[in-house]
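**Q** Next comes start-v6.txt, compact mmCIF, C-alpha atoms:
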# COMPACT_ATOMS: atom_id res chain seq x y z
CA MET A 120 190.33 54.72 266.12
CA ASN A 121 191.94 52.33 263.67
CA LYS A 122 188.55 51.62 262.13
CA TYR A 123 187.89 55.36 261.86
CA TYR A 124 191.13 56.05 259.98
CA LEU A 125 190.59 53.02 257.74
CA MET A 126 187.14 54.27 256.78
CA LEU A 127 188.43 57.81 256.21
CA PHE A 128 191.23 56.46 254.01
CA ALA A 129 188.75 54.43 251.95
CA ILE A 130 186.50 57.47 251.43
CA LEU A 131 189.42 59.67 250.35
CA PHE A 132 190.78 56.93 248.08
CA PHE A 133 187.53 56.45 246.17
CA TYR A 134 186.85 60.19 246.05
CA GLY A 135 190.33 60.76 244.60
CA CYS A 136 189.71 58.11 241.95
CA GLU A 137 186.53 59.81 240.74
CA GLN A 138 186.90 61.28 237.27
CA GLU A 139 184.73 62.22 234.34
CA ILE A 140 184.78 59.67 231.52
CA GLU A 141 184.04 60.68 227.97
CA LEU A 142 183.21 57.97 225.46
CA ASP A 143 183.85 58.56 221.80
CA LEU A 144 181.17 56.37 220.28
CA PRO A 145 181.43 55.67 216.53
CA GLU A 146 178.50 56.71 214.37
CA ALA A 147 176.15 53.83 213.66
CA GLU A 148 175.25 53.02 210.08
CA GLU A 149 171.78 54.20 209.18
CA GLN A 150 169.49 51.22 208.60
CA LEU A 151 165.96 50.67 207.42
CA VAL A 152 163.50 49.70 210.16
CA VAL A 153 160.43 47.53 209.53
CA GLU A 154 157.31 47.14 211.63
CA GLY A 155 154.96 44.94 209.65
CA HIS A 156 152.39 42.24 210.23
CA ILE A 157 149.78 40.11 208.54
CA GLU A 158 146.78 38.68 210.33
CA ASN A 159 144.22 36.04 209.43
CA ASP A 160 141.38 37.54 207.36
CA ARG A 161 143.14 40.92 207.22
CA PRO A 162 145.56 42.52 204.74
CA PRO A 163 149.30 43.00 205.32
CA TYR A 164 150.29 46.27 206.96
CA LEU A 165 153.79 47.74 207.15
CA ILE A 166 155.58 50.89 208.31
CA LEU A 167 159.07 51.55 206.92
CA THR A 168 161.38 54.08 208.59
CA ARG A 169 165.07 54.89 209.02
CA SER A 170 167.07 54.36 212.20
CA SER A 171 168.60 57.27 214.14
CA GLU A 172 171.57 57.72 216.46
CA ILE A 173 170.78 56.51 219.97
CA PHE A 174 171.63 59.87 221.58
CA GLU A 175 170.20 62.01 218.79
CA PRO A 176 167.39 64.25 220.10
CA ILE A 177 164.06 63.68 218.36
CA SER A 178 161.11 66.03 218.45
CA LEU A 179 157.57 65.29 217.33
CA SER A 180 158.10 67.51 214.30
CA ASP A 181 161.03 65.30 213.19
CA VAL A 182 159.04 62.06 213.11
CA GLU A 183 157.67 62.50 209.59
CA GLU A 184 161.22 62.73 208.21
CA PHE A 185 161.98 59.14 209.26
CA PHE A 186 159.37 57.56 206.97
CA VAL A 187 160.71 55.94 203.80
CA HIS A 188 158.69 56.73 200.69
CA GLY A 189 158.55 55.08 197.29
CA ALA A 190 159.68 51.62 198.40
CA LYS A 191 158.81 48.52 196.38
CA ILE A 192 157.37 46.03 198.86
CA THR A 193 155.99 42.61 197.96
CA VAL A 194 154.51 39.70 199.93
CA ASN A 195 154.47 36.11 198.70
CA ASP A 196 152.16 33.53 200.32
CA GLY A 197 153.65 30.49 198.58
CA SER A 198 151.36 30.64 195.57
CA ARG A 199 151.27 34.27 194.49
CA THR A 200 153.00 37.61 195.03
CA VAL A 201 151.27 40.95 195.63
CA GLU A 202 152.77 44.45 195.83
CA LEU A 203 151.92 46.75 198.73
CA GLN A 204 150.87 50.31 197.96
CA GLU A 205 151.96 53.35 199.95
CA ILE A 206 149.23 55.43 201.56
CA THR A 207 149.35 58.38 203.94
CA ILE A 208 147.11 58.63 206.98
CA ASP A 209 146.72 61.38 209.54
CA SER A 210 147.49 60.20 213.06
CA ALA A 211 147.18 62.80 215.82
CA GLY A 212 148.23 65.52 213.40
CA LEU A 213 151.16 63.54 211.95
CA GLN A 214 151.33 62.35 208.35
CA VAL A 215 152.11 58.65 208.71
CA SER A 216 153.19 56.62 205.68
CA VAL A 217 152.07 52.97 205.60
CA TYR A 218 152.19 50.20 203.00
CA THR A 219 149.27 47.81 202.51
CA THR A 220 147.09 46.08 199.91
CA PHE A 221 143.59 44.66 199.73
CA ASP A 222 144.65 42.02 197.19
CA MET A 223 145.71 39.59 199.95
CA THR A 224 144.44 38.60 203.39
CA GLY A 225 146.15 36.35 205.86
CA GLU A 226 145.32 32.67 206.39
CA SER A 227 146.15 30.55 209.41
CA GLY A 228 148.88 28.02 208.64
CA ARG A 229 150.39 29.93 205.71
CA THR A 230 153.93 31.33 205.48
CA TYR A 231 154.49 34.84 204.12
CA THR A 232 157.74 36.09 202.60
CA LEU A 233 158.38 39.83 202.60
CA THR A 234 160.74 41.60 200.17
CA ILE A 235 161.56 45.31 200.39
CA GLU A 236 163.56 47.33 197.87
CA ALA A 237 164.29 50.87 199.03
CA GLU A 238 167.13 53.38 198.90
CA GLY A 239 169.44 50.93 197.17
CA LYS A 240 168.87 48.20 199.78
CA THR A 241 167.03 44.88 199.72
CA LEU A 242 165.43 43.51 202.88
CA THR A 243 163.72 40.15 203.33
CA ALA A 244 161.84 38.34 206.08
CA THR A 245 159.55 35.35 206.55
CA THR A 246 156.76 34.77 209.04
CA THR A 247 153.98 32.26 209.62
CA ILE A 248 150.45 32.76 210.88
CA PRO A 249 150.20 29.91 213.40
CA HIS A 250 147.13 27.84 214.15
CA LEU A 251 144.50 29.62 216.26
CA LEU A 252 144.56 29.20 220.04
CA PRO A 253 141.00 29.81 221.29
CA LEU A 254 140.17 30.77 224.85
CA ASP A 255 137.68 28.67 226.80
CA SER A 256 135.93 31.70 228.26
CA VAL A 257 136.35 35.41 229.03
CA TRP A 258 134.73 37.25 231.94
CA TYR A 259 135.28 40.11 234.40
CA GLU A 260 135.67 40.18 238.17
CA PRO A 261 135.12 43.11 240.55
CA HIS A 262 138.10 44.90 242.06
CA PRO A 263 139.12 43.18 245.34
CA GLU A 264 138.96 46.47 247.27
CA PRO A 265 135.38 47.70 247.98
CA GLU A 266 136.43 51.36 247.69
CA ALA A 267 137.48 50.69 244.06
CA ASP A 268 134.13 49.20 243.05
CA THR A 269 134.08 51.18 239.79
CA LEU A 270 136.96 49.02 238.47
CA VAL A 271 136.93 45.44 237.19
CA ARG A 272 139.56 42.90 236.16
CA LEU A 273 139.26 41.06 232.86
CA MET A 274 139.94 37.33 233.10
CA ALA A 275 140.15 34.43 230.66
CA GLN A 276 140.54 30.66 230.83
CA TYR A 277 142.93 29.00 228.41
CA SER A 278 143.49 25.29 227.66
CA ASP A 279 146.90 24.85 226.05
CA PRO A 280 147.33 22.14 223.37
CA PRO A 281 149.92 19.60 224.61
CA GLU A 282 151.08 18.66 221.09
CA THR A 283 152.69 22.01 220.23
CA ASN A 284 154.87 24.73 221.68
CA ASP A 285 152.84 27.92 221.50
CA GLN A 286 153.26 31.66 221.94
CA VAL A 287 150.63 34.39 222.13
CA ARG A 288 150.35 38.16 222.15
CA TYR A 289 147.23 40.03 223.21
CA PHE A 290 145.72 43.50 222.83
CA THR A 291 142.60 45.19 224.21
CA SER A 292 140.30 47.93 222.94
CA ARG A 293 137.98 49.99 225.12
CA ASN A 294 134.77 51.53 223.86
CA GLY A 295 135.66 51.33 220.18
CA ARG A 296 139.10 52.94 220.51
CA ASN A 297 142.43 51.63 219.21
CA PHE A 298 143.81 48.24 220.16
CA TRP A 299 146.83 48.51 222.47
CA PRO A 300 149.09 45.79 223.88
CA ALA A 301 149.47 45.37 227.62
CA PHE A 302 152.73 46.35 229.36
CA ASN A 303 153.69 42.67 229.13
CA SER A 304 151.76 41.38 226.14
CA VAL A 305 153.55 38.16 225.11
CA TYR A 306 153.48 34.73 226.74
CA GLU A 307 154.69 31.22 225.96
CA ASP A 308 153.46 27.83 227.19
CA VAL A 309 156.79 26.52 228.49
CA LEU A 310 155.37 26.17 232.04
CA ILE A 311 151.73 25.40 231.20
CA ASN A 312 151.98 23.08 228.20
CA GLY A 313 148.85 20.91 228.11
CA MET A 314 147.31 22.64 231.15
CA THR A 315 144.12 24.65 231.66
CA VAL A 316 144.89 27.92 233.46
CA PRO A 317 143.21 31.23 234.35
CA VAL A 318 144.79 34.23 232.63
CA PRO A 319 144.47 37.78 234.03
CA ILE A 320 144.14 40.22 231.12
CA ASP A 321 145.70 43.63 231.72
CA ARG A 322 144.27 46.66 229.97
CA GLY A 323 146.27 47.69 226.91
CA LEU A 324 148.05 51.00 227.15
CA ASP A 325 149.17 53.77 224.82
CA ARG A 326 152.83 54.26 225.75
CA THR A 327 152.83 57.79 224.35
CA ASN A 328 150.61 58.88 227.27
CA SER A 329 151.34 58.92 230.97
CA VAL A 330 150.16 55.81 232.83
CA ASN A 331 148.36 55.67 236.17
CA TRP A 332 149.94 52.49 237.51
CA VAL A 333 147.45 52.26 240.38
CA VAL A 334 144.53 51.57 238.05
CA TYR A 335 146.50 50.41 234.98
CA PRO A 336 145.56 46.68 234.85
CA TYR A 337 141.86 47.36 235.38
CA PHE A 338 138.89 48.30 233.25
CA SER A 339 135.97 50.48 234.33
CA ARG A 340 132.32 49.68 234.78
CA GLY A 341 130.46 50.69 231.65
CA ASP A 342 133.34 49.68 229.37
CA SER A 343 132.79 47.70 226.19
CA ILE A 344 135.97 45.63 225.91
CA VAL A 345 137.32 43.75 222.90
CA LEU A 346 140.18 41.32 223.54
CA LYS A 347 142.42 40.39 220.62
CA TRP A 348 144.12 37.09 221.47
CA ALA A 349 146.71 36.15 218.84
CA SER A 350 149.02 33.19 218.33
CA ILE A 351 152.48 34.13 217.02
CA ASP A 352 155.54 32.21 215.84
CA ARG A 353 158.80 32.02 217.79
CA PRO A 354 160.78 34.83 216.08
CA HIS A 355 157.78 37.13 216.47
CA PHE A 356 157.57 36.25 220.17
CA ASP A 357 161.32 36.76 220.73
CA PHE A 358 161.18 40.24 219.20
CA TRP A 359 158.34 41.57 221.35
CA GLN A 360 159.56 39.86 224.51
CA GLY A 361 163.00 41.45 224.06
CA LEU A 362 161.53 44.86 223.29
CA GLU A 363 159.16 44.82 226.26
CA PHE A 364 161.94 43.67 228.59
CA GLN A 365 164.15 46.52 227.37
CA VAL A 366 161.35 49.07 227.85
CA SER A 367 160.68 47.81 231.39
CA ASN A 368 164.38 48.30 232.22
CA SER A 369 164.54 51.79 230.73
CA GLY A 370 166.10 54.16 233.25
CA ASN A 371 167.23 51.33 235.54
CA PRO A 372 171.01 51.75 236.14
CA PHE A 373 171.24 48.11 237.24
CA GLY A 374 169.24 46.67 234.33
CA ASN A 375 170.88 44.48 231.74
CA ILE A 376 171.17 45.58 228.14
CA THR A 377 168.93 43.42 225.98
CA ARG A 378 169.64 42.65 222.35
CA ILE A 379 166.36 42.83 220.47
CA ASN A 380 166.39 40.15 217.80
CA GLY A 381 164.22 40.88 214.80
CA ASN A 382 163.75 38.71 211.72
CA ILE A 383 164.56 41.31 209.04
CA VAL A 384 167.53 40.26 206.87
CA GLY A 385 169.35 43.41 205.77
CA GLY A 386 167.66 45.74 208.26
CA LEU A 387 166.03 46.07 211.66
CA GLY A 388 162.57 45.29 213.00
CA ILE A 389 159.92 42.63 212.64
CA TRP A 390 157.62 41.05 210.06
CA GLY A 391 155.14 39.00 212.06
CA GLY A 392 152.03 36.90 211.58
CA TYR A 393 149.03 36.96 213.94
CA GLY A 394 146.51 34.13 214.26
CA ALA A 395 143.93 36.33 215.99
CA LEU A 396 140.61 35.69 217.69
CA TYR A 397 138.39 38.47 219.09
CA TYR A 398 136.28 38.37 222.26
CA THR A 399 133.84 41.07 223.39
CA VAL A 400 132.86 41.68 227.02
CA VAL A 401 130.44 44.44 228.02
CA VAL A 402 130.69 45.52 231.66
CA PRO A 403 127.44 47.05 232.97
CA GLU A 404 127.48 50.32 234.90
Rewrite the structure of this file - the entire thing - as C-alpha cells.

**A**
Amino acid sequence: MNKYYLMLFAILFFYGCEQEIELDLPEAEEQLVVEGHIENDRPPYLILTRSSEIFEPISLSDVEEFFVHGAKITVNDGSRTVELQEITIDSAGLQVSVYTTFDMTGESGRTYTLTIEAEGKTLTATTTIPHLLPLDSVWYEPHPEPEADTLVRLMAQYSDPPETNDQVRYFTSRNGRNFWPAFNSVYEDVLINGMTVPVPIDRGLDRTNSVNWVVYPYFSRGDSIVLKWASIDRPHFDFWQGLEFQVSNSGNPFGNITRINGNIVGGLGIWGGYGALYYTVVVPE
C-alpha cells in the first residue's frame, strides 16, 4: 500500500506541475543567404536569397519573393576578377533567379574569392577546388533479396591517398534527370586514410518529394546512372555535414540542435568548390 500511495503522489505532483509555457522569442535580423559553388571545368553558379523567421509560414507562392535581385557579385581566382550576371530560369513553374558567368570555369587546385554587394551589405567568402580523388572502379550488384530482383545497388572502390586529409560529396543522376545528393552525401577519410575500401553509393533523392525508404538506396534495372564524385575542402564539408545531420534530426524531440557553420562572412550559407569526376553505369533490363 505504501508503494501505491507513493506512486499516486508522484503522479499527482507531476500533473499539478504541468503548465503551458509561452516563449517570447525576439525577431531575428534578416540576413542574406548564399548557396553557391564552382566546379572544375564549369562556371560559378550562385543563388542569393533572404532569410525568414524560423516559425514564419512559407507557401510555394512566397518562394519567389525571397530571391535577391540586382546584386553585384564577383569571383576572383587569384589572377583575374569576373562579374556574375543574373538570369531567371523556370523551375517547376517557379521563376528562380541565379547568378553565373561563362567568362570563368573552375580549375582544380585554385582558390576562389567571392564578393557580394546587395541591399547595402557586403558579403565575402573563399573556397578551394581540391585535387581530384578518382575512384578505382564503379559497378552494380543485384538486390540481396530474390523477390526484389528488379533493384540493384551501386558500388564503388576507392583508394584514399595517405598524404592528405580528404573530404568528398557525391550526387547521382538517373536516366538523364537532375543530379541529387544522397540522404548522407558527405564523407571524410579520418577512419580510412591510406586504405582501399568498397563504398556503397545510395541513390540521390529530391527532398521536395516523398521518399520510399524501402527502395531508397537502390537503383532499378534499365537505369542509366551517372555518379558525380567530388572532392571538397573542409569548410564545405562541415557545412553539408551539419545541414544533413540537422535534417535527419528534424522532428526528433530528443535530437540535438546543430549549428550549421557556413563560410559566408556577413551572411549565411556556403560558397564551395567541387573537384568533380563523373562515372556512368548502365544497368541492363

**Q** Using all atoms listed in the file, determine which residues lie at most 9 Å from region 192-194 of chain A, disregarding the query and same-chain residues fewer than 3 positions distant; provide the list as an mmCIF file with C-alpha atoms, in the frame of the given file.

**A**
data_model
loop_
_atom_site.group_PDB
_atom_site.id
_atom_site.type_symbol
_atom_site.label_atom_id
_atom_site.label_comp_id
_atom_site.auth_asym_id
_atom_site.auth_seq_id
_atom_site.Cartn_x
_atom_site.Cartn_y
_atom_site.Cartn_z
ATOM 1 C CA PRO A 163 149.300 43.000 205.320
ATOM 2 C CA ARG A 199 151.270 34.270 194.490
ATOM 3 C CA THR A 200 153.000 37.610 195.030
ATOM 4 C CA VAL A 201 151.270 40.950 195.630
ATOM 5 C CA GLU A 202 152.770 44.450 195.830
ATOM 6 C CA LEU A 203 151.920 46.750 198.730
ATOM 7 C CA GLN A 204 150.870 50.310 197.960
ATOM 8 C CA TYR A 218 152.190 50.200 203.000
ATOM 9 C CA MET A 223 145.710 39.590 199.950
ATOM 10 C CA TYR A 231 154.490 34.840 204.120
ATOM 11 C CA THR A 232 157.740 36.090 202.600
ATOM 12 C CA LEU A 233 158.380 39.830 202.600
ATOM 13 C CA THR A 234 160.740 41.600 200.170
ATOM 14 C CA ILE A 235 161.560 45.310 200.390
ATOM 15 C CA GLU A 236 163.560 47.330 197.870
ATOM 16 C CA ALA A 237 164.290 50.870 199.030
#

**Q** CA of Leu242 (chain A) and CA of Phe186 (chain A) are how many Å apart?

**A**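 According to the coordinates, CA of Leu242 (chain A) and CA of Phe186 (chain A) are separated by 15.8 Å.
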
**Q** Show me, as a list in words, the residues that have an atom within 12 Å of Gly323 (chain A) when counting all atoms listed in the file, minus same-chain residues fewer than 6 positions from it.

**A**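 Everything that qualifies: Leu273, Arg288, Tyr289, Phe290, Thr291, Ser292, Arg293, Arg296, Asn297, Phe298, Trp299, Pro300, Ala301, Phe302, Asn303, Ser304, Val330, Val334, Tyr335, Pro336, Tyr337, Phe338, Ile344, Val345, Leu346 and Lys347 of chain A.
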
**Q** Using all atoms listed in the file, which residue out of A:Val309, A:Ile351, A:Ile208, A:Val384 lies closest to Gly228 (chain A)?

**A**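 Of all the options, A:Ile351 lies closest to Gly228 (chain A).
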
**Q** Please determine, counting only C-alpha atoms, which residue among A:Thr245, A:Val401, A:Ser339, A:Gly313 has the shortest atom-to-atom distance to Pro354 (chain A).

**A**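 Checking each of A:Thr245, A:Val401, A:Ser339, A:Gly313 against Pro354 (chain A), counting only C-alpha atoms, the winner is A:Thr245.
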
**Q** So the first atom is CA of Asp209 (chain A) and the second is CA of Asp222 (chain A); what is the distance between them in Å, to one decimal place?

**A**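 Pair CA of Asp209 (chain A) / CA of Asp222 (chain A) returns 23.1 Å.
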
**Q** Using all atoms listed in the file, pick whichever of A:Trp390, A:Asn368, A:Pro253, A:Thr247 has the shortest atom-to-atom distance to Gly197 (chain A).

**A** A:Thr247
